Amino acid sequence: MGLAKGIVALVFFVFFLPVSFAVGFGIANDAAVNGYDAEIGIFFLVEFLLLFSTGLLIPGIFCILGKQYNKAKWYYALIPTTTLIFLFYTMIVAIFSPTSFISSFLEFLGLGIGSSIFLAIIVVCVSFLDY
């Protein structure tokens, strides 16, 4: 069963890799045409790559190799969850200030990182609850 999960995770990673490049470059191209900051696409591309590699690639490799990370699942689940919530932070900043993206992004970066980690801890704790 672990081998099948690993293969499925790697197949999804291979599928989402060109999709993340297409989304990143599409957003950057659309931003350049409409007069927005083109760095928005670069940020989305990096965050998509981090999200898919930590959420699909690394667990897929662990499943194929048969590695067990029972105690470490709490710590490992924080990385993709934090990256996903930080992606939402980037989306919010890109929506509210597309022309001054970098300055607004850096202005609220501490708030974005802190809230991402805090919300990720809450989500991970709730997801591993035994009812």
# chains A, B, ... in the order shown; residues from 1 in each chain; ligands from 1

call {"tool": "residues_around", "arguments": {"residues": "range 62-68 of chain A", "least_positions_apart": "5", "cutoff": "10 Å", "atoms": "only C-alpha atoms", "output": "PyMOL selection string"}}
result
chain A and resi 1-7+9-10+57+73

call {"tool": "write_last_selection", "arguments": {"atoms": "all heavy atoms", "output": "compact mmCIF listing (two decimals), in the first residue's frame"}}
result
# COMPACT_ATOMS: atom_id res chain seq x y z
N MET A 1 0.82 -1.20 0.00
CA MET A 1 0.00 0.00 0.00
C MET A 1 0.86 1.26 0.00
O MET A 1 0.51 2.26 -0.59
CB MET A 1 -0.92 -0.03 1.22
CG MET A 1 -1.92 1.07 1.26
SD MET A 1 -3.07 0.88 -0.09
CE MET A 1 -4.11 2.27 0.19
N GLY A 2 2.01 1.22 0.68
CA GLY A 2 2.88 2.38 0.72
C GLY A 2 3.48 2.69 -0.64
O GLY A 2 3.66 3.85 -0.99
N LEU A 3 3.78 1.63 -1.41
CA LEU A 3 4.35 1.84 -2.73
C LEU A 3 3.34 2.51 -3.66
O LEU A 3 3.68 3.41 -4.41
CB LEU A 3 4.81 0.50 -3.31
CG LEU A 3 5.50 0.54 -4.66
CD1 LEU A 3 6.80 1.31 -4.55
CD2 LEU A 3 5.75 -0.86 -5.17
N ALA A 4 2.08 2.09 -3.57
CA ALA A 4 1.04 2.70 -4.41
C ALA A 4 0.81 4.16 -4.05
O ALA A 4 0.67 5.01 -4.93
CB ALA A 4 -0.26 1.91 -4.27
N LYS A 5 0.82 4.47 -2.75
CA LYS A 5 0.66 5.87 -2.32
C LYS A 5 1.82 6.72 -2.82
O LYS A 5 1.63 7.85 -3.26
CB LYS A 5 0.59 5.96 -0.80
CG LYS A 5 -0.68 5.50 -0.19
CD LYS A 5 -0.61 5.70 1.31
CE LYS A 5 -1.81 5.14 2.00
NZ LYS A 5 -1.69 5.28 3.47
N GLY A 6 3.02 6.17 -2.76
CA GLY A 6 4.20 6.91 -3.22
C GLY A 6 4.16 7.18 -4.71
O GLY A 6 4.49 8.27 -5.17
N ILE A 7 3.75 6.18 -5.48
CA ILE A 7 3.66 6.36 -6.93
C ILE A 7 2.59 7.38 -7.29
O ILE A 7 2.80 8.24 -8.15
CB ILE A 7 3.41 5.00 -7.62
CG1 ILE A 7 4.66 4.13 -7.48
CG2 ILE A 7 3.05 5.18 -9.08
CD1 ILE A 7 4.48 2.71 -7.93
N ALA A 9 1.57 9.87 -5.39
CA ALA A 9 2.07 11.19 -5.00
C ALA A 9 3.06 11.72 -6.03
O ALA A 9 3.02 12.90 -6.39
CB ALA A 9 2.72 11.12 -3.62
N LEU A 10 3.94 10.86 -6.55
CA LEU A 10 4.90 11.31 -7.55
C LEU A 10 4.21 11.65 -8.87
O LEU A 10 4.62 12.59 -9.56
CB LEU A 10 5.98 10.25 -7.76
CG LEU A 10 6.96 10.07 -6.60
CD1 LEU A 10 7.95 8.96 -6.90
CD2 LEU A 10 7.66 11.36 -6.30
N LEU A 57 6.11 15.45 -3.32
CA LEU A 57 7.36 14.80 -3.72
C LEU A 57 8.05 14.10 -2.55
O LEU A 57 8.38 12.91 -2.64
CB LEU A 57 8.30 15.83 -4.35
CG LEU A 57 9.65 15.30 -4.82
CD1 LEU A 57 9.44 14.36 -6.00
CD2 LEU A 57 10.57 16.43 -5.21
N LYS A 73 5.38 12.83 11.95
CA LYS A 73 4.29 13.32 11.10
C LYS A 73 3.74 14.64 11.61
O LYS A 73 3.27 15.45 10.84
CB LYS A 73 3.19 12.27 10.97
CG LYS A 73 2.39 12.01 12.22
CD LYS A 73 1.35 10.95 11.98
CE LYS A 73 0.58 10.66 13.25
NZ LYS A 73 -0.38 9.61 13.05

call {"tool": "closest_atom_pairs", "arguments": {"of": "range 69-112 of chain A", "to": "range 37-50 of chain A", "cutoff": "9 Å", "atoms": "only C-alpha atoms", "output": "tab-separated table"}}
result
residue	atom	partner	partner_atom	distance
A:Pro80	CA	A:Leu50	CA	7.9
A:Thr83	CA	A:Glu47	CA	6.9
A:Leu84	CA	A:Glu47	CA	8.1
A:Phe86	CA	A:Glu47	CA	8.2
A:Leu87	CA	A:Glu47	CA	6.4
A:Thr90	CA	A:Phe44	CA	7.7
A:Met91	CA	A:Phe44	CA	8.4
A:Ala94	CA	A:Ile40	CA	6.8
A:Pro98	CA	A:Asp37	CA	6.3
A:Thr99	CA	A:Asp37	CA	5.6
A:Ser100	CA	A:Asp37	CA	6.9
A:Phe101	CA	A:Asp37	CA	6.3
A:Ile102	CA	A:Glu39	CA	7.5

call {"tool": "closest_atom_pairs", "arguments": {"of": "range 12-100 of chain A", "to": "range 117-121 of chain A", "cutoff": "8 Å", "atoms": "only C-alpha atoms", "output": "tab-separated table"}}
result
residue	atom	partner	partner_atom	distance
A:Leu78	CA	A:Ala120	CA	6.0
A:Thr81	CA	A:Ala120	CA	5.4
A:Thr82	CA	A:Ala120	CA	5.2
A:Ile85	CA	A:Ala120	CA	7.3

call {"tool": "residues_around", "arguments": {"residues": "Pro18 in chain A", "least_positions_apart": "5", "cutoff": "12 Å", "atoms": "only C-alpha atoms", "output": "list of chain:residue names"}}
result
A:Phe12, A:Phe13, A:Val23, A:Gly24, A:Phe25, A:Gly26, A:Leu45, A:Phe48, A:Leu49, A:Phe52

call {"tool": "write_last_selection", "arguments": {"atoms": "N, CA and C atoms", "output": "short mmCIF file (atom, residue, chain, number, x, y, z; two decimals), in the first residue's frame"}}
result
data_model
loop_
_atom_site.label_atom_id
_atom_site.label_comp_id
_atom_site.auth_asym_id
_atom_site.auth_seq_id
_atom_site.Cartn_x
_atom_site.Cartn_y
_atom_site.Cartn_z
N PHE A 12 1.13 12.81 -9.18
CA PHE A 12 0.50 14.11 -8.97
C PHE A 12 1.53 15.24 -8.98
N PHE A 13 2.72 14.99 -8.41
CA PHE A 13 3.77 16.01 -8.44
C PHE A 13 4.19 16.30 -9.88
N VAL A 23 0.97 28.55 -14.34
CA VAL A 23 0.28 29.55 -13.53
C VAL A 23 1.21 30.70 -13.19
N GLY A 24 2.44 30.38 -12.79
CA GLY A 24 3.41 31.43 -12.44
C GLY A 24 3.74 32.34 -13.60
N PHE A 25 4.05 31.74 -14.75
CA PHE A 25 4.38 32.56 -15.92
C PHE A 25 3.15 33.25 -16.50
N GLY A 26 1.99 32.61 -16.38
CA GLY A 26 0.76 33.25 -16.85
C GLY A 26 0.41 34.48 -16.03
N LEU A 45 5.02 31.18 -8.31
CA LEU A 45 5.77 30.03 -8.83
C LEU A 45 6.60 29.38 -7.73
N PHE A 48 4.22 27.68 -5.18
CA PHE A 48 3.65 26.45 -5.71
C PHE A 48 4.68 25.33 -5.73
N LEU A 49 5.92 25.64 -6.12
CA LEU A 49 6.96 24.62 -6.13
C LEU A 49 7.26 24.12 -4.73
N PHE A 52 4.12 21.94 -3.60
CA PHE A 52 3.99 20.62 -4.22
C PHE A 52 5.17 19.72 -3.88
#

call {"tool": "closest_residue", "arguments": {"among": "A:Ala31, A:Val126, A:Ile95, A:Leu17", "to": "Leu56 in chain A", "atoms": "only C-alpha atoms"}}
result
A:Leu17

call {"tool": "select_by_dssp", "arguments": {"residues": "range 6-123 of chain A", "states": "alpha helix (DSSP H)", "output": "count of residues only"}}
result
97

call {"tool": "atom_distance", "arguments": {"atom1": "CA of Gly110 in chain A", "atom2": "CA of Ser127 in chain A"}}
result
25.5 Å
